[in-house]
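**Student:** Structure: start_25.cif, mmCIF, C-alpha atoms and all ligand atoms.
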```cif
data_model
#
loop_
_atom_site.label_atom_id
_atom_site.label_comp_id
_atom_site.auth_asym_id
_atom_site.auth_seq_id
_atom_site.Cartn_x
_atom_site.Cartn_y
_atom_site.Cartn_z
CA MET A 24 13.44 -52.15 -12.79
CA SER A 25 17.20 -51.91 -12.56
CA PRO A 26 18.80 -50.98 -9.20
CA PHE A 27 19.87 -47.72 -10.85
CA HIS A 28 16.29 -46.81 -11.79
CA LYS A 29 15.11 -47.83 -8.28
CA ILE A 30 17.55 -45.36 -6.76
CA ILE A 31 16.41 -42.59 -9.11
CA LEU A 32 12.73 -43.31 -8.43
CA THR A 33 13.21 -43.44 -4.66
CA GLY A 34 15.16 -40.20 -4.89
CA LEU A 35 12.39 -38.57 -6.89
CA LEU A 36 9.72 -39.71 -4.45
CA MET A 37 11.73 -38.26 -1.61
CA ILE A 38 12.32 -34.96 -3.38
CA THR A 39 8.89 -34.44 -4.93
CA PRO A 40 6.82 -33.54 -1.85
CA ILE A 41 9.42 -31.00 -0.74
CA THR A 42 9.56 -29.43 -4.18
CA ILE A 43 5.79 -29.19 -4.41
CA ALA A 44 5.55 -27.71 -0.94
CA THR A 45 8.10 -25.05 -1.82
CA ALA A 46 6.34 -24.15 -5.05
CA LYS A 47 3.02 -24.02 -3.21
CA ASP A 48 4.43 -21.77 -0.50
CA SER A 49 5.66 -19.36 -3.10
CA LYS A 50 2.25 -19.04 -4.77
CA PRO A 51 0.38 -16.00 -3.53
CA LYS A 52 -2.73 -17.87 -2.40
CA ASN A 53 -3.81 -17.23 1.15
CA ILE A 54 -2.12 -13.91 1.55
CA PRO A 55 -3.92 -10.56 1.54
CA ALA A 56 -3.29 -8.60 -1.65
CA LEU A 57 -0.78 -5.79 -1.22
CA LYS A 58 -2.66 -3.47 -3.59
CA ASP A 59 -5.90 -3.79 -1.59
CA ASN A 60 -4.35 -3.20 1.82
CA LEU A 61 -2.27 -0.06 1.43
CA PRO A 62 -2.35 2.78 3.96
CA GLY A 63 -3.77 5.22 1.40
CA PRO A 64 -5.20 5.70 -2.10
CA PHE A 65 -2.15 5.02 -4.28
CA ALA A 66 -1.22 2.40 -6.85
CA VAL A 67 1.62 0.01 -6.08
CA GLY A 68 3.90 -1.10 -8.86
CA ALA A 69 6.97 -3.16 -9.70
CA ALA A 70 9.73 -2.99 -12.31
CA ILE A 71 9.68 -6.20 -14.32
CA THR A 72 11.06 -8.08 -17.31
CA PRO A 73 8.87 -9.37 -20.16
CA ASN A 74 9.37 -12.93 -18.83
CA ASP A 75 7.55 -11.97 -15.64
CA THR A 76 4.35 -11.60 -17.66
CA TYR A 77 4.12 -15.25 -18.71
CA GLY A 78 1.22 -17.01 -17.05
CA SER A 79 3.24 -20.04 -15.99
CA ASN A 80 5.62 -17.89 -14.03
CA ASP A 81 5.27 -17.31 -10.26
CA HIS A 82 6.26 -13.67 -10.81
CA CYS A 83 3.21 -13.29 -13.03
CA LEU A 84 0.91 -14.62 -10.31
CA ILE A 85 2.44 -12.24 -7.78
CA LEU A 86 2.00 -9.30 -10.15
CA GLN A 87 -1.63 -10.11 -10.86
CA LYS A 88 -2.45 -10.58 -7.22
CA HIS A 89 -0.46 -7.86 -5.49
CA PHE A 90 0.38 -5.05 -7.91
CA SER A 91 -1.67 -2.45 -9.74
CA ALA A 92 1.14 -0.91 -11.81
CA ILE A 93 4.24 -1.99 -13.73
CA VAL A 94 7.23 -0.58 -15.58
CA ALA A 95 10.05 -2.25 -17.49
CA GLU A 96 13.30 -2.56 -15.57
CA ASN A 97 15.27 -2.29 -18.82
CA CYS A 98 13.44 -2.93 -22.08
CA MET A 99 11.82 0.48 -22.48
CA LYS A 100 15.21 2.20 -22.56
CA PRO A 101 16.71 3.65 -25.76
CA ASP A 102 19.35 0.91 -26.21
CA THR A 103 16.58 -1.68 -26.51
CA ILE A 104 14.04 0.42 -28.40
CA GLU A 105 16.34 1.89 -31.08
CA SER A 106 19.68 0.14 -30.86
CA SER A 107 20.65 1.46 -34.27
CA ARG A 108 19.35 4.47 -36.15
CA GLY A 109 15.85 3.94 -37.51
CA ASN A 110 15.52 0.36 -36.26
CA PHE A 111 12.81 0.53 -33.65
CA ASN A 112 12.00 -2.63 -31.75
CA PHE A 113 9.00 -2.51 -29.43
CA GLU A 114 8.57 -6.26 -29.06
CA GLN A 115 9.71 -6.56 -25.45
CA ALA A 116 8.16 -3.30 -24.26
CA ASP A 117 4.85 -4.17 -25.93
CA LYS A 118 4.68 -7.42 -23.96
CA ILE A 119 4.76 -5.42 -20.76
CA VAL A 120 2.29 -2.78 -21.95
CA ASP A 121 -0.11 -5.45 -23.29
CA PHE A 122 0.09 -7.34 -20.00
CA ALA A 123 -0.76 -4.17 -18.09
CA ASN A 124 -3.69 -3.35 -20.35
CA LYS A 125 -5.00 -6.90 -20.18
CA ASN A 126 -4.76 -7.02 -16.40
CA ASN A 127 -6.10 -3.56 -15.78
CA MET A 128 -2.80 -2.31 -14.39
CA ARG A 129 -1.23 1.10 -14.83
CA VAL A 130 1.99 1.11 -16.84
CA ARG A 131 4.85 3.60 -16.74
CA TRP A 132 7.46 4.22 -19.46
CA HIS A 133 11.06 4.42 -18.25
CA THR A 134 12.80 6.29 -19.84
CA LEU A 135 12.98 8.54 -22.92
CA CYS A 136 16.16 10.50 -22.29
CA TRP A 137 19.05 9.32 -20.11
CA HIS A 138 22.84 9.30 -20.13
CA GLN A 139 22.98 5.52 -19.65
CA GLN A 140 21.62 2.66 -21.81
CA THR A 141 21.58 5.07 -24.75
CA PRO A 142 23.19 3.95 -27.99
CA ALA A 143 26.23 5.81 -29.32
CA TRP A 144 24.56 6.62 -32.65
CA MET A 145 22.36 9.15 -30.86
CA SER A 146 25.41 11.41 -30.48
CA ARG A 147 26.31 11.06 -34.16
CA GLY A 148 25.03 12.43 -37.42
CA ALA A 149 23.75 10.16 -40.21
CA ASP A 150 27.31 10.27 -41.62
CA GLY A 151 28.67 8.63 -38.44
CA LYS A 152 30.59 11.73 -37.40
CA ASP A 153 30.00 13.61 -34.12
CA ALA A 154 26.53 15.13 -34.28
CA THR A 155 26.09 18.84 -34.66
CA LYS A 156 23.69 20.39 -32.18
CA GLU A 157 20.91 20.32 -34.78
CA GLU A 158 21.55 16.67 -35.63
CA ALA A 159 21.54 15.66 -31.97
CA LYS A 160 18.26 17.51 -31.46
CA GLU A 161 16.80 15.74 -34.47
CA ASN A 162 17.95 12.35 -33.11
CA LEU A 163 16.36 12.94 -29.72
CA LYS A 164 13.17 14.50 -31.07
CA THR A 165 12.60 11.72 -33.59
CA TYR A 166 13.27 9.11 -30.92
CA ILE A 167 10.86 10.61 -28.38
CA GLN A 168 8.12 11.27 -30.88
CA THR A 169 8.35 7.85 -32.55
CA VAL A 170 8.11 6.09 -29.20
CA MET A 171 5.15 8.17 -28.13
CA ALA A 172 3.37 7.78 -31.47
CA HIS A 173 3.78 4.01 -31.14
CA ASN A 174 2.35 4.11 -27.63
CA LYS A 175 -0.61 6.35 -28.38
CA GLY A 176 -3.83 4.70 -27.27
CA ARG A 177 -1.90 2.07 -25.30
CA HIS A 178 -2.63 3.78 -21.98
CA ILE A 179 0.84 4.72 -20.79
CA ASP A 180 0.20 6.18 -17.36
CA SER A 181 3.29 8.39 -17.21
CA TYR A 182 6.61 8.83 -18.97
CA ASP A 183 9.99 9.40 -17.34
CA VAL A 184 10.99 11.94 -19.95
CA VAL A 185 14.37 12.87 -18.49
CA ASN A 186 16.20 10.63 -16.05
CA GLU A 187 19.00 11.45 -13.59
CA CYS A 188 20.03 14.81 -15.04
CA ILE A 189 21.34 16.35 -11.80
CA SER A 190 24.97 16.00 -10.79
CA ASP A 191 25.82 14.38 -7.44
CA GLN A 192 28.95 16.51 -7.29
CA THR A 193 27.92 20.01 -8.30
CA PHE A 194 24.13 19.79 -7.95
CA GLU A 195 23.90 21.51 -11.29
CA LEU A 196 22.99 19.70 -14.48
CA ARG A 197 25.02 16.52 -14.93
CA SER A 198 27.97 17.36 -17.15
CA GLU A 199 29.49 15.49 -20.06
CA ARG A 200 32.33 14.45 -17.72
CA GLU A 201 29.68 12.67 -15.65
CA GLY A 202 28.40 10.88 -18.71
CA ALA A 203 25.71 13.28 -19.91
CA ARG A 204 26.20 13.17 -23.69
CA TRP A 205 23.10 15.29 -24.31
CA MET A 206 24.78 18.14 -22.44
CA ALA A 207 27.70 17.92 -24.83
CA THR A 208 25.70 17.61 -28.03
CA ILE A 209 22.67 19.80 -27.30
CA GLY A 210 23.48 21.70 -24.11
CA PRO A 211 21.27 22.38 -21.07
CA GLU A 212 18.22 23.08 -23.22
CA TYR A 213 17.90 19.35 -23.95
CA ILE A 214 15.74 19.02 -20.86
CA ASP A 215 13.14 21.62 -21.86
CA ASP A 216 13.30 20.34 -25.44
CA ALA A 217 12.61 16.75 -24.43
CA PHE A 218 9.50 17.73 -22.47
CA ILE A 219 8.25 20.04 -25.23
CA TRP A 220 8.73 17.32 -27.89
CA ALA A 221 7.00 14.76 -25.68
CA HIS A 222 4.05 17.05 -25.10
CA GLU A 223 3.87 17.81 -28.82
CA ALA A 224 3.69 14.07 -29.58
CA ASP A 225 0.95 13.40 -27.03
CA PRO A 226 -0.60 16.39 -25.27
CA ASP A 227 -2.43 14.05 -22.87
CA ALA A 228 0.69 12.24 -21.67
CA PHE A 229 1.78 12.70 -18.05
CA LEU A 230 5.42 13.80 -18.12
CA VAL A 231 7.88 13.14 -15.31
CA ILE A 232 11.42 14.15 -14.42
CA ASN A 233 13.04 11.35 -12.42
CA ASP A 234 16.09 11.17 -10.15
CA TYR A 235 17.68 9.43 -7.15
CA ASN A 236 18.79 10.66 -3.70
CA LEU A 237 16.18 13.43 -3.76
CA GLU A 238 14.90 12.18 -0.43
CA SER A 239 18.31 11.92 1.22
CA ASN A 240 20.40 14.75 -0.21
CA VAL A 241 19.13 18.23 0.58
CA ASN A 242 21.31 19.87 -2.10
CA LYS A 243 20.09 17.55 -4.81
CA ARG A 244 16.50 18.02 -3.67
CA LYS A 245 16.87 21.79 -3.88
CA ALA A 246 18.48 21.51 -7.31
CA MET A 247 15.52 19.48 -8.58
CA TYR A 248 13.09 21.97 -7.05
CA GLU A 249 14.82 24.90 -8.77
CA LEU A 250 15.03 23.05 -12.07
CA VAL A 251 11.32 22.21 -12.13
CA LYS A 252 10.38 25.68 -10.87
CA GLY A 253 12.30 27.18 -13.78
CA MET A 254 10.69 24.79 -16.24
CA LYS A 255 7.24 25.72 -15.02
CA GLU A 256 8.07 29.44 -15.25
CA ARG A 257 9.19 28.91 -18.83
CA GLY A 258 5.93 27.09 -19.60
CA VAL A 259 7.63 23.71 -20.10
CA PRO A 260 5.07 20.90 -19.67
CA VAL A 261 6.32 18.95 -16.65
CA ASP A 262 3.64 17.14 -14.62
CA GLY A 263 5.50 15.10 -12.05
CA ILE A 264 8.70 14.54 -10.12
CA GLY A 265 9.84 10.94 -9.78
CA MET A 266 11.63 10.18 -6.54
CA GLN A 267 13.46 6.92 -7.18
CA MET A 268 13.80 6.07 -3.47
CA HIS A 269 16.75 3.67 -3.54
CA ILE A 270 17.28 3.83 0.21
CA ASP A 271 18.64 1.57 2.95
CA ILE A 272 17.67 0.47 6.42
CA TYR A 273 19.84 3.25 7.89
CA GLY A 274 18.21 6.22 6.21
CA PRO A 275 16.77 8.60 5.17
CA SER A 276 14.14 8.97 7.87
CA ALA A 277 10.41 8.88 7.19
CA ALA A 278 10.35 12.54 8.27
CA GLU A 279 12.89 13.48 5.58
CA ILE A 280 10.85 11.61 2.98
CA LYS A 281 7.69 13.42 4.05
CA GLU A 282 9.52 16.75 3.91
CA SER A 283 10.73 16.04 0.35
CA ILE A 284 7.27 15.06 -0.92
CA ASP A 285 5.71 18.18 0.64
CA TYR A 286 8.46 20.36 -0.79
CA PHE A 287 8.00 19.12 -4.37
CA ALA A 288 4.21 19.22 -4.10
CA GLU A 289 4.50 23.00 -3.48
CA LEU A 290 5.45 23.29 -7.14
CA GLY A 291 2.02 22.07 -8.20
CA VAL A 292 3.38 18.81 -9.61
CA LYS A 293 2.51 15.27 -8.52
CA VAL A 294 5.16 13.20 -6.79
CA LEU A 295 5.70 9.59 -7.81
CA VAL A 296 7.88 7.08 -6.02
CA THR A 297 9.38 5.35 -9.03
CA GLU A 298 12.07 2.83 -8.03
CA MET A 299 11.76 1.97 -4.38
CA ASP A 300 13.95 -0.52 -2.57
CA MET A 301 15.65 -0.64 0.84
CA SER A 302 19.11 -2.18 0.99
CA CYS A 303 20.17 -3.89 4.22
CA TYR A 304 23.72 -2.56 3.93
CA LYS A 305 25.08 0.89 4.81
CA TRP A 306 26.24 2.70 1.67
CA GLU A 307 29.90 2.65 2.84
CA ASP A 308 29.75 -1.08 3.66
CA ARG A 309 31.39 -3.11 0.91
CA SER A 310 30.77 -6.61 2.29
CA ARG A 311 29.05 -9.20 0.13
CA PHE A 312 27.18 -11.19 2.76
CA MET A 313 25.66 -10.73 6.19
CA ASN A 314 25.39 -13.47 8.81
CA LYS A 315 22.02 -14.80 9.99
CA THR A 316 21.92 -12.66 13.12
CA ALA A 317 22.62 -9.49 11.16
CA HIS A 318 20.07 -10.54 8.54
CA ASP A 319 17.37 -11.23 11.11
CA GLU A 320 17.99 -7.91 12.83
CA ALA A 321 17.93 -6.13 9.48
CA MET A 322 14.56 -7.66 8.64
CA VAL A 323 13.07 -6.23 11.84
CA VAL A 324 14.43 -2.73 11.17
CA GLN A 325 13.37 -2.96 7.54
CA ALA A 326 9.80 -3.90 8.46
CA ASP A 327 9.58 -0.94 10.86
CA ARG A 328 11.01 1.48 8.34
CA TYR A 329 8.85 0.29 5.45
CA LYS A 330 5.79 0.66 7.68
CA GLU A 331 6.69 4.20 8.75
CA ILE A 332 7.51 5.26 5.19
CA PHE A 333 4.37 3.72 3.71
CA ASN A 334 2.34 5.60 6.29
CA VAL A 335 3.96 8.78 4.96
CA PHE A 336 2.97 7.71 1.42
CA GLY A 337 -0.57 7.02 2.61
CA GLN A 338 -0.87 10.51 4.08
CA ALA A 339 0.65 12.13 1.00
CA ALA A 340 -1.78 10.19 -1.20
CA LYS A 341 -4.74 11.27 0.92
CA ALA A 342 -3.55 14.88 0.50
CA GLY A 343 -3.44 14.41 -3.30
CA LYS A 344 0.35 14.80 -3.49
CA LEU A 345 1.29 11.27 -4.53
CA ASP A 346 -0.57 8.55 -6.37
CA MET A 347 1.87 5.77 -7.16
CA VAL A 348 4.71 3.88 -5.48
CA VAL A 349 6.74 1.54 -7.68
CA PHE A 350 9.25 -1.00 -6.36
CA TRP A 351 12.39 -1.61 -8.41
CA GLY A 352 11.74 -5.33 -8.77
CA ILE A 353 9.39 -7.89 -7.29
CA ASP A 354 11.59 -10.01 -5.04
CA ASP A 355 15.00 -9.93 -3.37
CA GLY A 356 16.40 -12.62 -5.67
CA ASN A 357 16.02 -10.48 -8.78
CA SER A 358 16.98 -7.11 -7.40
CA TRP A 359 19.71 -5.01 -9.02
CA LYS A 360 20.95 -4.42 -5.44
CA ASN A 361 22.58 -7.87 -5.57
CA GLY A 362 25.06 -6.34 -8.01
CA PHE A 363 25.32 -2.76 -6.77
CA PRO A 364 27.35 -1.16 -5.27
CA VAL A 365 29.06 -4.53 -4.68
CA GLN A 366 29.14 -7.20 -7.38
CA GLY A 367 27.78 -10.57 -6.29
CA ARG A 368 26.34 -9.25 -3.04
CA THR A 369 23.32 -10.83 -1.39
CA ASP A 370 20.87 -8.10 -0.44
CA TYR A 371 17.26 -8.12 0.76
CA PRO A 372 15.68 -4.84 -0.38
CA LEU A 373 12.10 -5.74 -1.43
CA LEU A 374 8.84 -7.07 0.05
CA PHE A 375 9.14 -10.64 -1.30
CA ASP A 376 12.05 -12.94 -0.39
CA TYR A 377 14.24 -15.21 -2.49
CA LYS A 378 11.54 -17.91 -2.46
CA LEU A 379 8.91 -15.31 -3.41
CA ASN A 380 7.31 -15.43 0.01
CA PRO A 381 6.12 -12.18 1.61
CA LYS A 382 8.61 -10.86 4.16
CA SER A 383 8.05 -9.15 7.51
CA CYS A 384 8.06 -5.81 5.69
CA PHE A 385 5.20 -6.99 3.46
CA TRP A 386 3.08 -7.60 6.55
CA SER A 387 4.10 -4.34 8.20
CA VAL A 388 3.22 -2.35 5.07
CA ILE A 389 -0.29 -3.81 4.93
CA GLY A 390 -0.65 -3.41 8.70
CA LYS A 391 -1.39 -7.08 9.39
CA LYS A 392 0.19 -9.55 11.78
CA GLU A 393 2.80 -11.77 10.16
CA PRO A 394 1.79 -15.44 10.39
CA LYS A 395 4.18 -17.67 12.38
CA LYS A 396 6.76 -19.40 10.15
O1 LIG A 401 21.03 -7.97 -21.31
C1 LIG A 401 22.44 -8.14 -21.07
C2 LIG A 401 22.83 -9.57 -21.24
O2 LIG A 401 22.61 -9.95 -22.58
C3 LIG A 401 24.30 -9.74 -20.84
O3 LIG A 401 24.65 -11.08 -20.89
C4 LIG A 401 24.51 -9.23 -19.42
C5 LIG A 401 25.99 -9.31 -18.99
O4 LIG A 401 26.33 -8.27 -18.11
O5 LIG A 401 24.12 -7.90 -19.37
C6 LIG A 401 22.74 -7.70 -19.66
O6 LIG A 401 22.45 -6.34 -19.56
C7 LIG A 401 22.40 -5.83 -18.26
C8 LIG A 401 21.00 -5.25 -18.04
O7 LIG A 401 20.96 -4.60 -16.80
C9 LIG A 401 19.93 -6.34 -18.09
O8 LIG A 401 20.10 -7.25 -17.06
C10 LIG A 401 23.44 -4.73 -18.15
O9 LIG A 401 24.73 -5.28 -18.21
C11 LIG A 401 23.26 -3.98 -16.84
O10 LIG A 401 24.12 -2.85 -16.85
C12 LIG A 401 21.84 -3.51 -16.73
O11 LIG A 401 21.69 -2.88 -15.46
C13 LIG A 401 20.52 -2.11 -15.32
C14 LIG A 401 20.91 -0.68 -14.98
O12 LIG A 401 19.74 0.09 -14.77
C15 LIG A 401 21.73 -0.03 -16.09
O13 LIG A 401 22.09 1.24 -15.74
C16 LIG A 401 19.70 -2.69 -14.19
O14 LIG A 401 19.22 -3.99 -14.55
C17 LIG A 401 18.51 -1.78 -13.86
O15 LIG A 401 17.91 -2.22 -12.68
C18 LIG A 401 19.02 -0.37 -13.64
O16 LIG A 401 17.92 0.46 -13.42
C19 LIG A 401 18.25 1.80 -13.04
C20 LIG A 401 17.15 2.69 -13.57
O17 LIG A 401 17.00 2.50 -14.96
C21 LIG A 401 17.46 4.16 -13.26
N1 LIG A 401 17.69 4.34 -11.85
C22 LIG A 401 18.65 3.47 -11.23
C23 LIG A 401 18.30 2.01 -11.51
C24 LIG A 401 19.26 1.08 -10.83
O18 LIG A 401 20.57 1.26 -11.36
#
```
Can you turn what I pasted into structure tokens?
Ligand code: G3I
**Tutor:**
Amino acid sequence: MSPFHKIILTGLLMITPITIATAKDSKPKNIPALKDNLPGPFAVGAAITPNDTYGSNDHCLILQKHFSAIVAENCMKPDTIESSRGNFNFEQADKIVDFANKNNMRVRWHTLCWHQQTPAWMSRGADGKDATKEEAKENLKTYIQTVMAHNKGRHIDSYDVVNECISDQTFELRSEREGARWMATIGPEYIDDAFIWAHEADPDAFLVINDYNLESNVNKRKAMYELVKGMKERGVPVDGIGMQMHIDIYGPSAAEIKESIDYFAELGVKVLVTEMDMSCYKWEDRSRFMNKTAHDEAMVVQADRYKEIFNVFGQAAKAGKLDMVVFWGIDDGNSWKNGFPVQGRTDYPLLFDYKLNPKSCFWSVIGKKEPKK
């Protein structure tokens, strides 16, 4: 053996045990399963990518052990499903749905109608010119009904039919100026239409209207309440309100969250928590990193807050108001919060850390003592 190879081999022998130990630590072996230790009768889910479903992947093991529901973080959105007119591609989404069916998990569909991740052709006629109202309606109707026909019999638990349609500025419907192309092409009726078309395609489907800041902004919450109330009065088939729950360690309080769930439940719809995470930064804070002391303090606050909030979910579930809580991601390392609202930030919003180990908040949620590190 050449001296060079000796060095490499010695190096490998030195590295190997550490690498194996790390991989072992990250495997969800001797840890209680999240889904079996929740403070109430609700499913717990995560937003994932198709890669997370491959058996060799640690994410896959975590999903199978800890979660009872999934949704695609991106690949069920219109820009993936029908990137150009008539060319439907369900390959990625099907991987996720098949994985859920195979593993006896519930699977959500996010989302049929949104102002983001929606291809430009949907606002155009077949001739490439700006769509007339009728053409835009036809585009949206065909899209919704083709997706739902494809999914029929594939056990989609609920659909986010319309996503983020309320303005953060006016608390009315999001305008074209705020990106809502459907408002420009179809007008405010696009919301009722989308639900009616979805129900027509699959009368058994559970149809949800989904938005953010409903738990923290009283005006937005009220706007959603009035919107859904009106829909119900008009006989529009809406079954659930999705509260995204992108919150932080500073707020909103567990009491505000409870108040919002109770308020929406008055409408006779189910509440779903659809995209939960808890940033460790204040919204106004634009820093990219926090030092170890700040991080360690944040982890303590986060564990307390997650516990309090999950207890609220548990009570709401026991009262029949809520039956699913979905995290927007599995682990801190893959969270969208590392890029928003500050690019390249390091954030810690979820229950599993960068090495895929359960964090203090994991243990607080399941009400068990965290083992010593
Ligand atoms: O796939 C491309 C890749 O090919 C390219 O190299 C890369 C370069 O930027 O971009 C990749 O696409 C990105 C995509 O995520 C997949 O990673 C897009 O740029 C990026 O904009 C997109 O962000 C997603 C965002 O929705 C878009 O609005 C986030 O991952 C996703 O977490 C986020 O999810 C939303 C919910 O749908 C609705 N509620 C808020 C939530 C968080 O923003």
**Student:** Can you write out as JSON lines which residues of chain A fall within 9 Å of ligand LIG 401 (chain A), alongside each residue's closest atom pair and its distance in Å to one decimal, counting only C-alpha atoms and all ligand atoms and ordering rows by chain and ascending residue number?
**Tutor:**
```
{"residue": "A:Ala70", "atom": "CA", "partner": "A:LIG401", "partner_atom": "O15", "distance": 8.2}
{"residue": "A:Ala95", "atom": "CA", "partner": "A:LIG401", "partner_atom": "O17", "distance": 8.8}
{"residue": "A:Glu96", "atom": "CA", "partner": "A:LIG401", "partner_atom": "O15", "distance": 5.5}
{"residue": "A:Asn97", "atom": "CA", "partner": "A:LIG401", "partner_atom": "C17", "distance": 5.9}
{"residue": "A:Cys98", "atom": "CA", "partner": "A:LIG401", "partner_atom": "C9", "distance": 8.3}
{"residue": "A:Lys100", "atom": "CA", "partner": "A:LIG401", "partner_atom": "O17", "distance": 7.8}
{"residue": "A:His133", "atom": "CA", "partner": "A:LIG401", "partner_atom": "O17", "distance": 7.1}
{"residue": "A:Thr134", "atom": "CA", "partner": "A:LIG401", "partner_atom": "O17", "distance": 7.5}
{"residue": "A:Trp137", "atom": "CA", "partner": "A:LIG401", "partner_atom": "C21", "distance": 8.7}
{"residue": "A:Gln139", "atom": "CA", "partner": "A:LIG401", "partner_atom": "O13", "distance": 5.9}
{"residue": "A:Gln140", "atom": "CA", "partner": "A:LIG401", "partner_atom": "O13", "distance": 6.3}
{"residue": "A:Asn186", "atom": "CA", "partner": "A:LIG401", "partner_atom": "C21", "distance": 7.2}
{"residue": "A:Glu187", "atom": "CA", "partner": "A:LIG401", "partner_atom": "N1", "distance": 7.4}
{"residue": "A:Asn233", "atom": "CA", "partner": "A:LIG401", "partner_atom": "N1", "distance": 8.4}
{"residue": "A:Asp234", "atom": "CA", "partner": "A:LIG401", "partner_atom": "N1", "distance": 7.2}
{"residue": "A:Tyr235", "atom": "CA", "partner": "A:LIG401", "partner_atom": "N1", "distance": 6.9}
{"residue": "A:Gln267", "atom": "CA", "partner": "A:LIG401", "partner_atom": "N1", "distance": 6.8}
{"residue": "A:His269", "atom": "CA", "partner": "A:LIG401", "partner_atom": "C22", "distance": 7.9}
{"residue": "A:Thr297", "atom": "CA", "partner": "A:LIG401", "partner_atom": "N1", "distance": 8.8}
{"residue": "A:Glu298", "atom": "CA", "partner": "A:LIG401", "partner_atom": "N1", "distance": 7.0}
{"residue": "A:Trp351", "atom": "CA", "partner": "A:LIG401", "partner_atom": "O15", "distance": 7.0}
{"residue": "A:Gly352", "atom": "CA", "partner": "A:LIG401", "partner_atom": "O15", "distance": 7.9}
{"residue": "A:Ser358", "atom": "CA", "partner": "A:LIG401", "partner_atom": "O15", "distance": 7.3}
{"residue": "A:Trp359", "atom": "CA", "partner": "A:LIG401", "partner_atom": "O15", "distance": 4.9}
{"residue": "A:Lys360", "atom": "CA", "partner": "A:LIG401", "partner_atom": "C24", "distance": 7.9}
{"residue": "A:Gly362", "atom": "CA", "partner": "A:LIG401", "partner_atom": "O11", "distance": 8.9}
{"residue": "A:Phe363", "atom": "CA", "partner": "A:LIG401", "partner_atom": "O18", "distance": 7.7}
```
**Student:** Please produce a file of the residues just selected, as a compact mmCIF listing (two decimals), in the coordinates of the input, where the atoms kept are C-alpha atoms.
**Tutor:**
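The resulting file, selection-v5.txt, is reproduced below:
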```
# COMPACT_ATOMS: atom_id res chain seq x y z
CA ALA A 70 9.73 -2.99 -12.31
CA ALA A 95 10.05 -2.25 -17.49
CA GLU A 96 13.30 -2.56 -15.57
CA ASN A 97 15.27 -2.29 -18.82
CA CYS A 98 13.44 -2.93 -22.08
CA LYS A 100 15.21 2.20 -22.56
CA HIS A 133 11.06 4.42 -18.25
CA THR A 134 12.80 6.29 -19.84
CA TRP A 137 19.05 9.32 -20.11
CA GLN A 139 22.98 5.52 -19.65
CA GLN A 140 21.62 2.66 -21.81
CA ASN A 186 16.20 10.63 -16.05
CA GLU A 187 19.00 11.45 -13.59
CA ASN A 233 13.04 11.35 -12.42
CA ASP A 234 16.09 11.17 -10.15
CA TYR A 235 17.68 9.43 -7.15
CA GLN A 267 13.46 6.92 -7.18
CA HIS A 269 16.75 3.67 -3.54
CA THR A 297 9.38 5.35 -9.03
CA GLU A 298 12.07 2.83 -8.03
CA TRP A 351 12.39 -1.61 -8.41
CA GLY A 352 11.74 -5.33 -8.77
CA SER A 358 16.98 -7.11 -7.40
CA TRP A 359 19.71 -5.01 -9.02
CA LYS A 360 20.95 -4.42 -5.44
CA GLY A 362 25.06 -6.34 -8.01
CA PHE A 363 25.32 -2.76 -6.77
```
**Student:** Taking all atoms listed in the file into account, name the residue in A:Arg108, A:Arg177, A:Lys152, A:Lys344 that is nearest to A:Trp132.
**Tutor:**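 Closest residue, counting all atoms listed in the file: A:Arg177.
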**Student:** With all atoms listed in the file as the counted atoms, please give the residues lying no more than 10 Å from stretch 141-149 of chain A, apart from itself and same-chain residues fewer than 3 positions off, as JSON, numbers by chain.
**Tutor:** {"A": [100, 101, 102, 103, 104, 105, 106, 107, 108, 135, 136, 137, 138, 152, 153, 154, 155, 156, 157, 158, 159, 160, 161, 162, 163, 166, 204, 205, 207, 208, 209]}
**Student:** Pull C-alpha atoms from the residues just selected and write them as a short mmCIF file (atom, residue, chain, number, x, y, z; two decimals), keeping the file's coordinate frame.
**Tutor:**
```
data_model
loop_
_atom_site.label_atom_id
_atom_site.label_comp_id
_atom_site.auth_asym_id
_atom_site.auth_seq_id
_atom_site.Cartn_x
_atom_site.Cartn_y
_atom_site.Cartn_z
CA LYS A 100 15.21 2.20 -22.56
CA PRO A 101 16.71 3.65 -25.76
CA ASP A 102 19.35 0.91 -26.21
CA THR A 103 16.58 -1.68 -26.51
CA ILE A 104 14.04 0.42 -28.40
CA GLU A 105 16.34 1.89 -31.08
CA SER A 106 19.68 0.14 -30.86
CA SER A 107 20.65 1.46 -34.27
CA ARG A 108 19.35 4.47 -36.15
CA LEU A 135 12.98 8.54 -22.92
CA CYS A 136 16.16 10.50 -22.29
CA TRP A 137 19.05 9.32 -20.11
CA HIS A 138 22.84 9.30 -20.13
CA LYS A 152 30.59 11.73 -37.40
CA ASP A 153 30.00 13.61 -34.12
CA ALA A 154 26.53 15.13 -34.28
CA THR A 155 26.09 18.84 -34.66
CA LYS A 156 23.69 20.39 -32.18
CA GLU A 157 20.91 20.32 -34.78
CA GLU A 158 21.55 16.67 -35.63
CA ALA A 159 21.54 15.66 -31.97
CA LYS A 160 18.26 17.51 -31.46
CA GLU A 161 16.80 15.74 -34.47
CA ASN A 162 17.95 12.35 -33.11
CA LEU A 163 16.36 12.94 -29.72
CA TYR A 166 13.27 9.11 -30.92
CA ARG A 204 26.20 13.17 -23.69
CA TRP A 205 23.10 15.29 -24.31
CA ALA A 207 27.70 17.92 -24.83
CA THR A 208 25.70 17.61 -28.03
CA ILE A 209 22.67 19.80 -27.30
#
```
**Student:** Rounded to one decimal, what separation in Å do you get between atom CA of A:Ile280 and atom CA of A:Glu238?
**Tutor:**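 Rounded to one decimal, the two atoms are 5.3 Å apart.
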